[in-house]
Protein chains: 2
Amino acid sequence: MSLAGTIEEMAEEAKKASRELRILGSAQKDAALELMATKIIEKQADIIKENEKDLNNAKEQGLPSAMIDRLTLNEKVIGEMAAGLREVAVLPDPVGEIPGMWKRPNGLLVGKVRIPIGVIGFIYESRPNVTVDAAALCLKSGNSVILKGGSEAIYSNLVLAEILARALNEASLPQKAIQLIPTTDRESVNILIGLDNYIDMIIPRGGEGLIRFVSEHSRIPVLKHYKGVCHVYVDEFADLNVAGDICFNSKVQRPGVCNAMETMLVHEAVADSFLPAMAERFHEAGVEIRGCPRTVELIPGSKPAGEADWPAEFLDLILAVKVVSNMEEALDHIERYSSSHTEAIITNDYNRSQRFLAEVDSSAVLINASTRFNDGNQLGLGAEIGINTSKLHAFGPMGLVELTSSKFIVYGNGQTRN
Amino acid sequence: MSLAGTIEEMAEEAKKASRELRILGSAQKDAALELMATKIIEKQADIIKENEKDLNNAKEQGLPSAMIDRLTLNEKVIGEMAAGLREVAVLPDPVGEIPGMWKRPNGLLVGKVRIPIGVIGFIYESRPNVTVDAAALCLKSGNSVILKGGSEAIYSNLVLAEILARALNEASLPQKAIQLIPTTDRESVNILIGLDNYIDMIIPRGGEGLIRFVSEHSRIPVLKHYKGVCHVYVDEFADLNVAGDICFNSKVQRPGVCNAMETMLVHEAVADSFLPAMAERFHEAGVEIRGCPRTVELIPGSKPAGEADWPAEFLDLILAVKVVSNMEEALDHIERYSSSHTEAIITNDYNRSQRFLAEVDSSAVLINASTRFNDGNQLGLGAEIGINTSKLHAFGPMGLVELTSSKFIVYGNGQTRN
């Protein structure tokens, strides 16, 4: 069969499976997730063996050691995958929730009930544990999933998806609820995003190029996870110790992720007292500073920032720094350059904190806390499948609830419309 | 300036205006809506004069009289537009609502607050009052809107949009929050749906061709309002008087709309007692019946249904009828042919009513009530801007709440991540 035929058949089977999934009770889904955790541990020798094929290919291709680390599955990582499955099993099931019902003047009783979305196409370029995480979240929220992982992890992903699908079968759930596209052919992405008769939502996770390609070509709605150009604004009324710790954490704790700070904005009234000491701390951590003219004056040895630095997602130990003469300038800068991901203010002034919360149009806006908290787990949603940077459906981290939709249910007793 | 340049400039201005809109209080928005209502009445002579240009063009082009009726603006219709504006003014403002907040173990206080989406592109082919309704709903929900109406209503739409924008200005709100594309050139649709730097959501409302074109070509997320192939299933335990009234209402009360019944499914146990009398009633109302073989036996003179009749949205006094041997057959038929819009069951059996609610995957599922109730006003959402038949963002009727998104707000006191 052609690749297009194979993928279309997978999508058709996924849709059939979703009809069974949407009426499953939580107990059945949770039991399947527990069984998956058990099977992942039982089969860890097989997993490690398949993973070695990916690792050998990676070494042959000369991939950097950091990438090889991310690709490696050992007993510890496999144990974490199993633990992740069990964590999803104990999260509350969003499906079936009816937050409230109301009575219409004609006696109709109307409510909205949470339902699964249906079939999700998940396209990713990350480490193989994402295969397991994404499958778990989709199953728990009652959705079928078609996974398209990165070519560098194909053997690992295949063995993991097979273990998960067999566990579904053993738990008497539809095996086709979790399927992985068994090829590294990039054309499969093109095929997948055209199957709008079967697939309800596409989630791409990976580099900006992948996400842009999928968004521009998909006939299915896409929830995108674009870049994070996150700002921290150190206000003139900030506690400078708090500001120092938060800015340091936001930049340095894990610089390669989307919720790391990329630009620091400092009110001019505190620039003298804050910047030189902060620069010292950043310098010791290996952070390169690219500053506005005032910053360069205050931090000897810092580089001047170019126009390209303000909208940049460095994902590295590089920080753009700008001194602003007032809060408006900070807000204007954020409005212009932010990617609507995460912004924080450091201040002890009540009115400024409230104004920042109200005016900044990003998926998470924080007062006196690190940007690194914009994450499904950290905000209390449980595990997340991605961070949506468009405002449709769910803005920000997407957990189980965000993988559902809702329908209206209406209890009548013969009502007709005039 | 080129058309592309003009529309891009409009989109840029709309985005600027949205920054002001998102922090406006309800009182200011409501005052502007009231002022719009006053101005619409004050300027009714101008409106009628411009509308006459459209009507003359329509007559010259030989448009059918039903279309000319829909296009006509007279004192009564203008009064209804003003009343519609006042109705939106008194609806609750969804923006700023925080349904709840929660404390994280590290002391962070986290909540989600409703925010406007930003800039909405609204493409429609309907009567000119939609210009006013859509503008009102977008303003109240804090969104800028760029309107692209049908060419047959261009003069009417232009004068209405101008009155609304002037009222915004007089109310000290950003005038560019409501803009209408001042051309009948269809290329403007293409331009509009490519401006993903400025526009957050596209809502197309009109024929299936328009919606399909927009969905396939837009670089901006689209909330589509596809067809409604709505079913009523008359169960063996239905009260047949109730079934008769509901089926009649669902088909005949307004056959040209998306929530009218297109297929009636009848359990074979009641087919003999229900169908002949029902067919008589439909016959008197001018409804043509296209039936399965058993239906044709029971209703002398009815036509046999072809395969194309089951997925058809007739939008007319035509009804497909099928006798089913059990509830599973009804559910399978709905699963196969429904457009996920609206389905109803008529039954007095508790378990069947619950099963239908649970298993049918449509935006509204009703027990013992007419399909015609799937409408924002009828379900209690207030006015609606459309009915979304994809499961993303908001499934079903979209009122003010569905024109918003939400962001996370986080109150910290120095938290950093480990």
# chains A, B, ... in the order shown; residues from 1 in each chain; ligands from 1

call {"tool": "calpha_fit_and_write", "arguments": {"fixed": "chain B", "moving": "chain A", "output": "short mmCIF file (atom, residue, chain, number, x, y, z; two decimals) with C-alpha atoms, in the first residue's frame"}}
result
data_model
loop_
_atom_site.label_atom_id
_atom_site.label_comp_id
_atom_site.auth_asym_id
_atom_site.auth_seq_id
_atom_site.Cartn_x
_atom_site.Cartn_y
_atom_site.Cartn_z
CA MET A 1 -2.25 52.25 -2.18
CA SER A 2 -2.68 48.63 -3.33
CA LEU A 3 -5.57 46.59 -1.99
CA ALA A 4 -3.10 44.43 -0.08
CA GLY A 5 -1.50 47.55 1.41
CA THR A 6 -4.88 48.98 2.42
CA ILE A 7 -6.00 45.79 4.12
CA GLU A 8 -2.69 45.29 5.88
CA GLU A 9 -2.89 48.83 7.21
CA MET A 10 -6.42 48.17 8.44
CA ALA A 11 -5.18 45.05 10.22
CA GLU A 12 -2.31 46.93 11.81
CA GLU A 13 -4.70 49.62 13.05
CA ALA A 14 -7.07 46.94 14.33
CA LYS A 15 -4.26 45.41 16.33
CA LYS A 16 -3.32 48.78 17.81
CA ALA A 17 -6.96 49.36 18.74
CA SER A 18 -7.16 45.94 20.36
CA ARG A 19 -4.43 46.93 22.82
CA GLU A 20 -6.70 49.77 24.03
CA LEU A 21 -9.83 47.63 23.94
CA ARG A 22 -8.51 44.86 26.11
CA ILE A 23 -8.21 47.07 29.18
CA LEU A 24 -11.55 48.86 28.76
CA GLY A 25 -14.13 48.48 31.48
CA SER A 26 -17.64 47.22 30.69
CA ALA A 27 -19.20 50.62 31.38
CA GLN A 28 -17.27 52.25 28.54
CA LYS A 29 -18.08 49.48 26.08
CA ASP A 30 -21.74 49.45 27.05
CA ALA A 31 -22.00 53.23 26.71
CA ALA A 32 -20.54 52.98 23.20
CA LEU A 33 -23.06 50.27 22.27
CA GLU A 34 -25.92 52.47 23.54
CA LEU A 35 -24.59 55.39 21.53
CA MET A 36 -24.42 53.21 18.43
CA ALA A 37 -28.07 52.26 18.90
CA THR A 38 -29.01 55.94 19.13
CA LYS A 39 -26.96 56.84 16.05
CA ILE A 40 -28.41 54.00 13.96
CA ILE A 41 -31.89 55.37 14.59
CA GLU A 42 -30.82 59.00 14.05
CA LYS A 43 -29.22 58.14 10.74
CA GLN A 44 -31.91 55.86 9.43
CA ALA A 45 -32.70 58.05 6.42
CA ASP A 46 -29.05 57.80 5.32
CA ILE A 47 -29.09 54.05 5.85
CA ILE A 48 -32.25 53.59 3.79
CA LYS A 49 -30.79 55.75 1.03
CA GLU A 50 -27.60 53.70 0.77
CA ASN A 51 -29.58 50.48 1.04
CA GLU A 52 -31.59 51.54 -2.01
CA LYS A 53 -28.40 51.46 -4.08
CA ASP A 54 -27.92 47.83 -3.09
CA LEU A 55 -31.58 47.07 -3.79
CA ASN A 56 -31.41 48.68 -7.22
CA ASN A 57 -28.30 46.69 -8.09
CA ALA A 58 -29.99 43.54 -6.86
CA LYS A 59 -33.04 44.19 -9.02
CA GLU A 60 -30.88 44.97 -12.05
CA GLN A 61 -29.06 41.70 -11.53
CA GLY A 62 -32.38 39.91 -11.22
CA LEU A 63 -31.78 38.49 -7.74
CA PRO A 64 -34.72 36.42 -6.44
CA SER A 65 -37.29 38.31 -4.39
CA ALA A 66 -36.46 36.32 -1.25
CA MET A 67 -32.90 37.65 -1.43
CA ILE A 68 -34.12 41.17 -2.03
CA ASP A 69 -36.34 40.86 1.05
CA ARG A 70 -33.35 39.79 3.13
CA LEU A 71 -31.37 42.74 1.83
CA THR A 72 -34.00 45.37 2.54
CA LEU A 73 -33.46 47.81 5.41
CA ASN A 74 -36.57 49.66 6.51
CA GLU A 75 -37.55 51.42 9.74
CA LYS A 76 -38.59 48.15 11.32
CA VAL A 77 -35.33 46.34 10.51
CA ILE A 78 -33.28 49.35 11.60
CA GLY A 79 -35.22 49.48 14.86
CA GLU A 80 -34.37 45.80 15.40
CA MET A 81 -30.69 46.51 14.78
CA ALA A 82 -30.73 49.23 17.44
CA ALA A 83 -32.54 46.90 19.84
CA GLY A 84 -29.90 44.23 19.13
CA LEU A 85 -27.13 46.68 20.09
CA ARG A 86 -28.91 47.46 23.36
CA GLU A 87 -29.37 43.75 24.08
CA VAL A 88 -25.62 43.17 23.72
CA ALA A 89 -24.96 46.18 25.98
CA VAL A 90 -26.88 44.56 28.83
CA LEU A 91 -25.31 41.10 28.48
CA PRO A 92 -22.67 40.32 31.11
CA ASP A 93 -19.10 41.17 30.07
CA PRO A 94 -17.00 37.99 30.02
CA VAL A 95 -13.67 39.85 30.06
CA GLY A 96 -11.88 39.88 33.42
CA GLU A 97 -13.74 36.93 34.86
CA ILE A 98 -11.56 34.68 37.03
CA PRO A 99 -13.59 31.53 37.69
CA GLY A 100 -11.23 30.45 40.47
CA MET A 101 -7.67 30.62 41.78
CA TRP A 102 -5.57 27.96 43.46
CA LYS A 103 -2.50 27.92 45.69
CA ARG A 104 0.49 25.84 44.69
CA PRO A 105 2.60 24.02 47.29
CA ASN A 106 5.34 26.67 46.91
CA GLY A 107 2.88 29.47 47.72
CA LEU A 108 2.24 30.70 44.18
CA LEU A 109 -1.34 31.83 43.75
CA VAL A 110 -2.46 30.86 40.23
CA GLY A 111 -5.61 31.75 38.31
CA LYS A 112 -6.98 32.05 34.80
CA VAL A 113 -8.54 35.30 33.68
CA ARG A 114 -10.73 35.76 30.62
CA ILE A 115 -9.19 38.05 28.01
CA PRO A 116 -10.23 39.21 24.56
CA ILE A 117 -8.82 37.23 21.65
CA GLY A 118 -7.48 40.35 19.90
CA VAL A 119 -8.38 40.92 16.26
CA ILE A 120 -11.14 38.97 14.53
CA GLY A 121 -11.65 38.79 10.77
CA PHE A 122 -15.33 38.20 10.06
CA ILE A 123 -16.24 37.17 6.51
CA TYR A 124 -19.94 36.89 5.77
CA GLU A 125 -22.46 36.71 2.98
CA SER A 126 -25.58 37.52 4.91
CA ARG A 127 -27.99 40.38 5.30
CA PRO A 128 -26.59 43.75 6.40
CA ASN A 129 -27.84 43.50 9.99
CA VAL A 130 -25.07 40.93 10.55
CA THR A 131 -22.61 43.83 10.19
CA VAL A 132 -24.09 45.45 13.27
CA ASP A 133 -24.55 42.22 15.27
CA ALA A 134 -20.98 41.05 14.67
CA ALA A 135 -19.49 44.46 15.46
CA ALA A 136 -21.46 44.62 18.71
CA LEU A 137 -20.40 41.16 19.88
CA CYS A 138 -16.75 41.77 19.04
CA LEU A 139 -16.70 45.14 20.81
CA LYS A 140 -18.42 43.83 23.93
CA SER A 141 -15.92 40.96 24.16
CA GLY A 142 -13.03 43.44 23.78
CA ASN A 143 -11.99 42.45 20.27
CA SER A 144 -11.25 44.56 17.21
CA VAL A 145 -13.06 43.34 14.12
CA ILE A 146 -12.40 43.60 10.40
CA LEU A 147 -15.62 42.97 8.52
CA LYS A 148 -15.81 41.64 4.98
CA GLY A 149 -19.44 41.55 3.90
CA GLY A 150 -21.08 40.32 0.74
CA SER A 151 -20.87 42.42 -2.42
CA GLU A 152 -24.67 42.60 -2.74
CA ALA A 153 -24.81 44.62 0.52
CA ILE A 154 -21.74 46.81 0.09
CA TYR A 155 -23.45 50.23 0.28
CA SER A 156 -25.57 49.23 3.26
CA ASN A 157 -22.58 47.73 5.06
CA LEU A 158 -20.40 50.77 4.40
CA VAL A 159 -22.87 53.24 5.85
CA LEU A 160 -23.54 51.02 8.87
CA ALA A 161 -19.84 50.50 9.61
CA GLU A 162 -19.22 54.23 9.29
CA ILE A 163 -21.97 55.05 11.78
CA LEU A 164 -20.58 52.48 14.24
CA ALA A 165 -16.99 53.73 13.92
CA ARG A 166 -18.08 57.35 14.42
CA ALA A 167 -19.98 56.37 17.53
CA LEU A 168 -16.82 54.69 18.84
CA ASN A 169 -14.94 57.89 18.25
CA GLU A 170 -17.60 60.00 19.95
CA ALA A 171 -17.51 57.61 22.92
CA SER A 172 -13.69 58.07 23.11
CA LEU A 173 -13.06 54.48 22.09
CA PRO A 174 -10.59 53.57 19.34
CA GLN A 175 -12.38 54.11 16.05
CA LYS A 176 -10.34 51.41 14.31
CA ALA A 177 -11.88 48.74 16.52
CA ILE A 178 -14.60 48.33 13.88
CA GLN A 179 -13.56 48.45 10.23
CA LEU A 180 -15.20 47.23 7.05
CA ILE A 181 -13.23 46.31 3.94
CA PRO A 182 -14.52 48.92 1.48
CA THR A 183 -14.49 46.82 -1.67
CA THR A 184 -16.37 44.00 -3.34
CA ASP A 185 -13.12 42.61 -4.73
CA ARG A 186 -13.00 38.96 -3.70
CA GLU A 187 -9.21 39.11 -3.61
CA SER A 188 -9.63 40.96 -0.31
CA VAL A 189 -10.62 37.67 1.35
CA ASN A 190 -7.37 36.12 0.22
CA ILE A 191 -5.39 39.03 1.59
CA LEU A 192 -7.24 39.09 4.89
CA ILE A 193 -6.71 35.41 5.68
CA GLY A 194 -2.96 35.74 5.14
CA LEU A 195 -2.38 38.47 7.75
CA ASP A 196 -1.44 36.19 10.64
CA ASN A 197 0.81 38.83 12.15
CA TYR A 198 -2.19 40.95 13.03
CA ILE A 199 -5.33 38.81 13.05
CA ASP A 200 -5.98 36.12 15.66
CA MET A 201 -9.12 34.40 14.39
CA ILE A 202 -11.17 34.18 11.21
CA ILE A 203 -14.90 33.48 11.33
CA PRO A 204 -16.46 32.75 7.94
CA ARG A 205 -20.24 32.67 7.74
CA GLY A 206 -22.01 31.89 4.50
CA GLY A 207 -22.16 29.19 1.88
CA GLU A 208 -20.20 25.98 2.10
CA GLY A 209 -17.92 27.08 -0.76
CA LEU A 210 -16.82 30.23 1.07
CA ILE A 211 -16.19 28.35 4.30
CA ARG A 212 -14.23 25.59 2.60
CA PHE A 213 -12.13 28.12 0.70
CA VAL A 214 -11.32 30.08 3.84
CA SER A 215 -10.54 26.96 5.90
CA GLU A 216 -8.20 25.60 3.28
CA HIS A 217 -6.30 28.81 2.59
CA SER A 218 -6.20 30.70 5.87
CA ARG A 219 -2.94 31.07 7.76
CA ILE A 220 -5.00 32.21 10.73
CA PRO A 221 -7.08 29.81 12.85
CA VAL A 222 -10.62 29.52 11.44
CA LEU A 223 -13.77 28.82 13.41
CA LYS A 224 -16.02 27.32 10.82
CA HIS A 225 -19.72 27.19 10.57
CA TYR A 226 -20.21 24.25 8.19
CA LYS A 227 -23.46 22.63 7.29
CA GLY A 228 -26.06 21.19 9.63
CA VAL A 229 -27.35 17.74 8.72
CA CYS A 230 -29.54 17.36 11.80
CA HIS A 231 -31.33 14.16 12.79
CA VAL A 232 -34.33 13.40 14.97
CA TYR A 233 -34.60 9.80 16.15
CA VAL A 234 -38.11 8.73 17.11
CA ASP A 235 -37.54 5.86 19.50
CA GLU A 236 -39.90 2.94 20.08
CA PHE A 237 -40.67 4.42 23.52
CA ALA A 238 -41.51 7.90 22.21
CA ASP A 239 -44.73 9.71 23.03
CA LEU A 240 -45.90 9.89 19.42
CA ASN A 241 -47.74 13.18 19.93
CA VAL A 242 -44.58 14.78 21.28
CA ALA A 243 -42.61 13.17 18.44
CA GLY A 244 -45.02 14.55 15.86
CA ASP A 245 -44.88 18.10 17.18
CA ILE A 246 -41.10 18.10 17.53
CA CYS A 247 -40.42 16.57 14.12
CA PHE A 248 -42.85 19.00 12.51
CA ASN A 249 -41.26 21.98 14.25
CA SER A 250 -37.72 20.79 13.53
CA LYS A 251 -38.44 20.48 9.81
CA VAL A 252 -41.04 23.10 9.00
CA GLN A 253 -40.68 26.07 11.35
CA ARG A 254 -37.74 27.48 9.37
CA PRO A 255 -36.45 24.95 6.87
CA GLY A 256 -33.66 27.13 5.42
CA VAL A 257 -31.43 27.19 8.50
CA CYS A 258 -28.65 24.97 9.76
CA ASN A 259 -30.49 23.63 12.81
CA ALA A 260 -33.52 22.38 10.85
CA MET A 261 -34.02 18.59 10.72
CA GLU A 262 -32.85 16.99 7.47
CA THR A 263 -33.29 13.29 8.32
CA MET A 264 -35.87 11.60 10.53
CA LEU A 265 -35.05 8.14 11.91
CA VAL A 266 -38.00 6.07 13.13
CA HIS A 267 -37.86 2.89 15.18
CA GLU A 268 -39.64 0.09 13.31
CA ALA A 269 -41.85 -0.70 16.30
CA VAL A 270 -43.61 2.65 15.91
CA ALA A 271 -43.20 3.15 12.17
CA ASP A 272 -46.72 1.88 11.34
CA SER A 273 -48.45 4.04 13.87
CA PHE A 274 -46.27 7.12 13.46
CA LEU A 275 -45.25 7.48 9.84
CA PRO A 276 -48.52 7.60 7.87
CA ALA A 277 -50.08 10.30 10.08
CA MET A 278 -46.82 12.25 10.24
CA ALA A 279 -46.46 12.04 6.45
CA GLU A 280 -49.95 13.48 6.09
CA ARG A 281 -48.98 16.42 8.28
CA PHE A 282 -45.76 16.97 6.36
CA HIS A 283 -47.61 16.66 3.08
CA GLU A 284 -50.01 19.44 4.07
CA ALA A 285 -47.01 21.66 4.86
CA GLY A 286 -45.51 20.94 1.45
CA VAL A 287 -42.69 18.70 2.68
CA GLU A 288 -41.35 16.23 0.16
CA ILE A 289 -40.37 12.89 1.68
CA ARG A 290 -37.49 10.75 0.42
CA GLY A 291 -37.60 7.46 2.24
CA CYS A 292 -35.94 4.11 2.76
CA PRO A 293 -37.81 1.11 1.21
CA ARG A 294 -39.89 0.56 4.40
CA THR A 295 -40.85 4.24 4.49
CA VAL A 296 -41.93 4.12 0.87
CA GLU A 297 -44.13 1.12 1.70
CA LEU A 298 -45.76 2.99 4.57
CA ILE A 299 -46.19 6.33 2.83
CA PRO A 300 -47.88 5.93 -0.53
CA GLY A 301 -46.53 8.43 -3.01
CA SER A 302 -43.24 9.07 -1.22
CA LYS A 303 -40.04 8.96 -3.24
CA PRO A 304 -37.27 6.50 -2.56
CA ALA A 305 -34.18 8.10 -1.06
CA GLY A 306 -30.89 7.87 -2.94
CA GLU A 307 -27.50 7.53 -1.26
CA ALA A 308 -26.96 11.28 -1.78
CA ASP A 309 -29.99 12.11 0.37
CA TRP A 310 -28.57 10.82 3.66
CA PRO A 311 -25.69 13.32 3.96
CA ALA A 312 -27.69 16.13 2.33
CA GLU A 313 -28.35 19.51 3.91
CA PHE A 314 -31.56 20.28 1.98
CA LEU A 315 -32.25 23.68 3.62
CA ASP A 316 -35.67 23.24 2.09
CA LEU A 317 -39.00 21.44 2.57
CA ILE A 318 -37.43 18.07 1.83
CA LEU A 319 -36.93 15.34 4.42
CA ALA A 320 -35.06 12.05 4.31
CA VAL A 321 -36.78 9.34 6.36
CA LYS A 322 -35.39 6.00 7.47
CA VAL A 323 -36.94 3.21 9.49
CA VAL A 324 -34.37 1.59 11.80
CA SER A 325 -34.68 -1.78 13.48
CA ASN A 326 -33.11 -0.66 16.75
CA MET A 327 -31.35 2.20 18.52
CA GLU A 328 -27.89 0.98 17.45
CA GLU A 329 -28.87 1.41 13.83
CA ALA A 330 -29.99 4.96 14.55
CA LEU A 331 -26.72 5.73 16.33
CA ASP A 332 -24.69 4.20 13.51
CA HIS A 333 -26.59 6.22 10.93
CA ILE A 334 -25.98 9.44 12.87
CA GLU A 335 -22.30 8.58 13.36
CA ARG A 336 -21.94 8.11 9.61
CA TYR A 337 -23.98 10.97 8.20
CA SER A 338 -24.28 13.65 10.86
CA SER A 339 -22.41 16.91 10.45
CA SER A 340 -21.89 17.08 14.25
CA HIS A 341 -24.33 19.97 14.46
CA THR A 342 -27.57 18.95 16.27
CA GLU A 343 -29.34 15.67 16.95
CA ALA A 344 -32.42 14.87 19.04
CA ILE A 345 -34.02 11.74 20.44
CA ILE A 346 -37.70 11.42 21.23
CA THR A 347 -38.20 8.82 23.94
CA ASN A 348 -39.66 8.27 27.37
CA ASP A 349 -37.14 5.57 28.19
CA TYR A 350 -34.60 6.80 30.72
CA ASN A 351 -31.70 4.59 29.64
CA ARG A 352 -32.11 5.37 25.97
CA SER A 353 -32.22 9.10 26.63
CA GLN A 354 -28.99 8.90 28.64
CA ARG A 355 -27.31 6.69 26.08
CA PHE A 356 -28.18 9.08 23.26
CA LEU A 357 -26.78 12.05 25.21
CA ALA A 358 -23.57 10.17 25.92
CA GLU A 359 -22.89 8.62 22.54
CA VAL A 360 -23.93 11.24 20.03
CA ASP A 361 -20.96 13.44 19.22
CA SER A 362 -22.68 16.64 18.09
CA SER A 363 -22.48 20.22 19.32
CA ALA A 364 -25.98 19.94 20.77
CA VAL A 365 -27.76 16.73 21.73
CA LEU A 366 -31.39 17.06 22.81
CA ILE A 367 -33.98 14.87 24.47
CA ASN A 368 -37.61 15.52 23.59
CA ALA A 369 -37.02 18.96 22.13
CA SER A 370 -36.80 20.53 18.68
CA THR A 371 -33.43 20.74 16.89
CA ARG A 372 -34.26 24.41 16.30
CA PHE A 373 -33.12 25.16 19.86
CA ASN A 374 -29.42 24.85 18.95
CA ASP A 375 -28.93 28.60 18.82
CA GLY A 376 -27.04 30.95 21.13
CA ASN A 377 -30.11 32.90 22.13
CA GLN A 378 -32.28 29.85 22.68
CA LEU A 379 -29.66 28.08 24.80
CA GLY A 380 -29.14 31.15 26.96
CA LEU A 381 -25.77 32.46 25.70
CA GLY A 382 -27.24 35.72 24.47
CA ALA A 383 -26.63 36.65 20.86
CA GLU A 384 -24.38 34.40 18.78
CA ILE A 385 -21.78 35.15 16.13
CA GLY A 386 -22.00 31.69 14.55
CA ILE A 387 -22.14 27.97 15.26
CA ASN A 388 -18.76 26.28 15.26
CA THR A 389 -18.88 22.74 13.88
CA SER A 390 -15.25 21.94 14.65
CA LYS A 391 -14.44 20.90 18.19
CA LEU A 392 -11.64 23.36 18.71
CA HIS A 393 -12.05 26.47 20.89
CA ALA A 394 -15.84 26.33 21.20
CA PHE A 395 -18.08 23.62 19.76
CA GLY A 396 -21.57 24.84 18.85
CA PRO A 397 -23.07 28.31 19.21
CA MET A 398 -20.53 31.03 19.94
CA GLY A 399 -21.64 33.91 22.13
CA LEU A 400 -19.58 36.50 23.99
CA VAL A 401 -17.68 34.02 26.19
CA GLU A 402 -16.66 32.06 23.10
CA LEU A 403 -15.14 35.25 21.65
CA THR A 404 -12.63 35.31 24.50
CA SER A 405 -9.52 33.39 25.51
CA SER A 406 -7.84 33.21 28.90
CA LYS A 407 -4.38 33.75 30.32
CA PHE A 408 -2.73 32.54 33.50
CA ILE A 409 -2.00 35.08 36.20
CA VAL A 410 0.43 34.24 38.96
CA TYR A 411 0.97 36.06 42.26
CA GLY A 412 4.34 35.20 43.75
CA ASN A 413 6.60 36.50 46.48
CA GLY A 414 10.00 35.60 45.17
CA GLN A 415 9.52 31.98 44.06
CA THR A 416 12.17 30.42 41.83
CA ARG A 417 12.18 26.96 40.32
CA ASN A 418 14.37 24.10 41.53
#

call {"tool": "select_by_dssp", "arguments": {"residues": "segment 174-243 of chain A", "states": "strand (DSSP E or B)", "output": "list in words"}}
result
Ile178, Gln179, Leu180, Met201, Ile202, Ile203, Pro204, Arg205, Val222, Cys230, His231, Val232, Tyr233 and Val234 of chain A

call {"tool": "decode", "arguments": {"residues": "segment 393-407 of chain B", "atoms": "N, CA and C atoms", "output": "PDB file, in the first residue's frame"}}
result
ATOM      1  N   HIS B 393     -11.716  25.159  20.279  1.00  0.00           N
ATOM      2  CA  HIS B 393     -12.063  26.450  20.876  1.00  0.00           C
ATOM      3  C   HIS B 393     -13.460  26.453  21.483  1.00  0.00           C
ATOM      4  N   ALA B 394     -14.486  26.274  20.667  1.00  0.00           N
ATOM      5  CA  ALA B 394     -15.851  26.307  21.187  1.00  0.00           C
ATOM      6  C   ALA B 394     -16.691  25.547  20.185  1.00  0.00           C
ATOM      7  N   PHE B 395     -17.279  24.460  20.626  1.00  0.00           N
ATOM      8  CA  PHE B 395     -18.081  23.590  19.753  1.00  0.00           C
ATOM      9  C   PHE B 395     -19.530  24.054  19.903  1.00  0.00           C
ATOM     10  N   GLY B 396     -20.185  24.368  18.775  1.00  0.00           N
ATOM     11  CA  GLY B 396     -21.578  24.809  18.852  1.00  0.00           C
ATOM     12  C   GLY B 396     -21.704  26.315  18.799  1.00  0.00           C
ATOM     13  N   PRO B 397     -22.843  26.833  19.300  1.00  0.00           N
ATOM     14  CA  PRO B 397     -23.089  28.272  19.210  1.00  0.00           C
ATOM     15  C   PRO B 397     -22.005  29.063  19.940  1.00  0.00           C
ATOM     16  N   MET B 398     -21.574  30.157  19.331  1.00  0.00           N
ATOM     17  CA  MET B 398     -20.557  31.013  19.932  1.00  0.00           C
ATOM     18  C   MET B 398     -21.162  32.352  20.339  1.00  0.00           C
ATOM     19  N   GLY B 399     -21.221  32.591  21.624  1.00  0.00           N
ATOM     20  CA  GLY B 399     -21.673  33.885  22.142  1.00  0.00           C
ATOM     21  C   GLY B 399     -20.468  34.706  22.584  1.00  0.00           C
ATOM     22  N   LEU B 400     -20.690  35.583  23.534  1.00  0.00           N
ATOM     23  CA  LEU B 400     -19.608  36.475  23.982  1.00  0.00           C
ATOM     24  C   LEU B 400     -18.455  35.700  24.615  1.00  0.00           C
ATOM     25  N   VAL B 401     -18.775  34.757  25.493  1.00  0.00           N
ATOM     26  CA  VAL B 401     -17.707  34.008  26.178  1.00  0.00           C
ATOM     27  C   VAL B 401     -16.813  33.309  25.155  1.00  0.00           C
ATOM     28  N   GLU B 402     -17.424  32.793  24.097  1.00  0.00           N
ATOM     29  CA  GLU B 402     -16.673  32.048  23.089  1.00  0.00           C
ATOM     30  C   GLU B 402     -15.824  32.978  22.216  1.00  0.00           C
ATOM     31  N   LEU B 403     -16.018  34.272  22.341  1.00  0.00           N
ATOM     32  CA  LEU B 403     -15.159  35.240  21.642  1.00  0.00           C
ATOM     33  C   LEU B 403     -14.001  35.687  22.530  1.00  0.00           C
ATOM     34  N   THR B 404     -13.773  34.963  23.610  1.00  0.00           N
ATOM     35  CA  THR B 404     -12.652  35.302  24.486  1.00  0.00           C
ATOM     36  C   THR B 404     -11.694  34.112  24.591  1.00  0.00           C
ATOM     37  N   SER B 405     -10.514  34.401  25.157  1.00  0.00           N
ATOM     38  CA  SER B 405      -9.546  33.378  25.507  1.00  0.00           C
ATOM     39  C   SER B 405      -9.268  33.537  27.003  1.00  0.00           C
ATOM     40  N   SER B 406      -8.215  32.925  27.508  1.00  0.00           N
ATOM     41  CA  SER B 406      -7.852  33.199  28.897  1.00  0.00           C
ATOM     42  C   SER B 406      -6.352  33.112  29.048  1.00  0.00           C
ATOM     43  N   LYS B 407      -5.833  33.833  30.014  1.00  0.00           N
ATOM     44  CA  LYS B 407      -4.394  33.752  30.293  1.00  0.00           C
ATOM     45  C   LYS B 407      -4.222  33.389  31.766  1.00  0.00           C
TER      46      LYS B 407
END
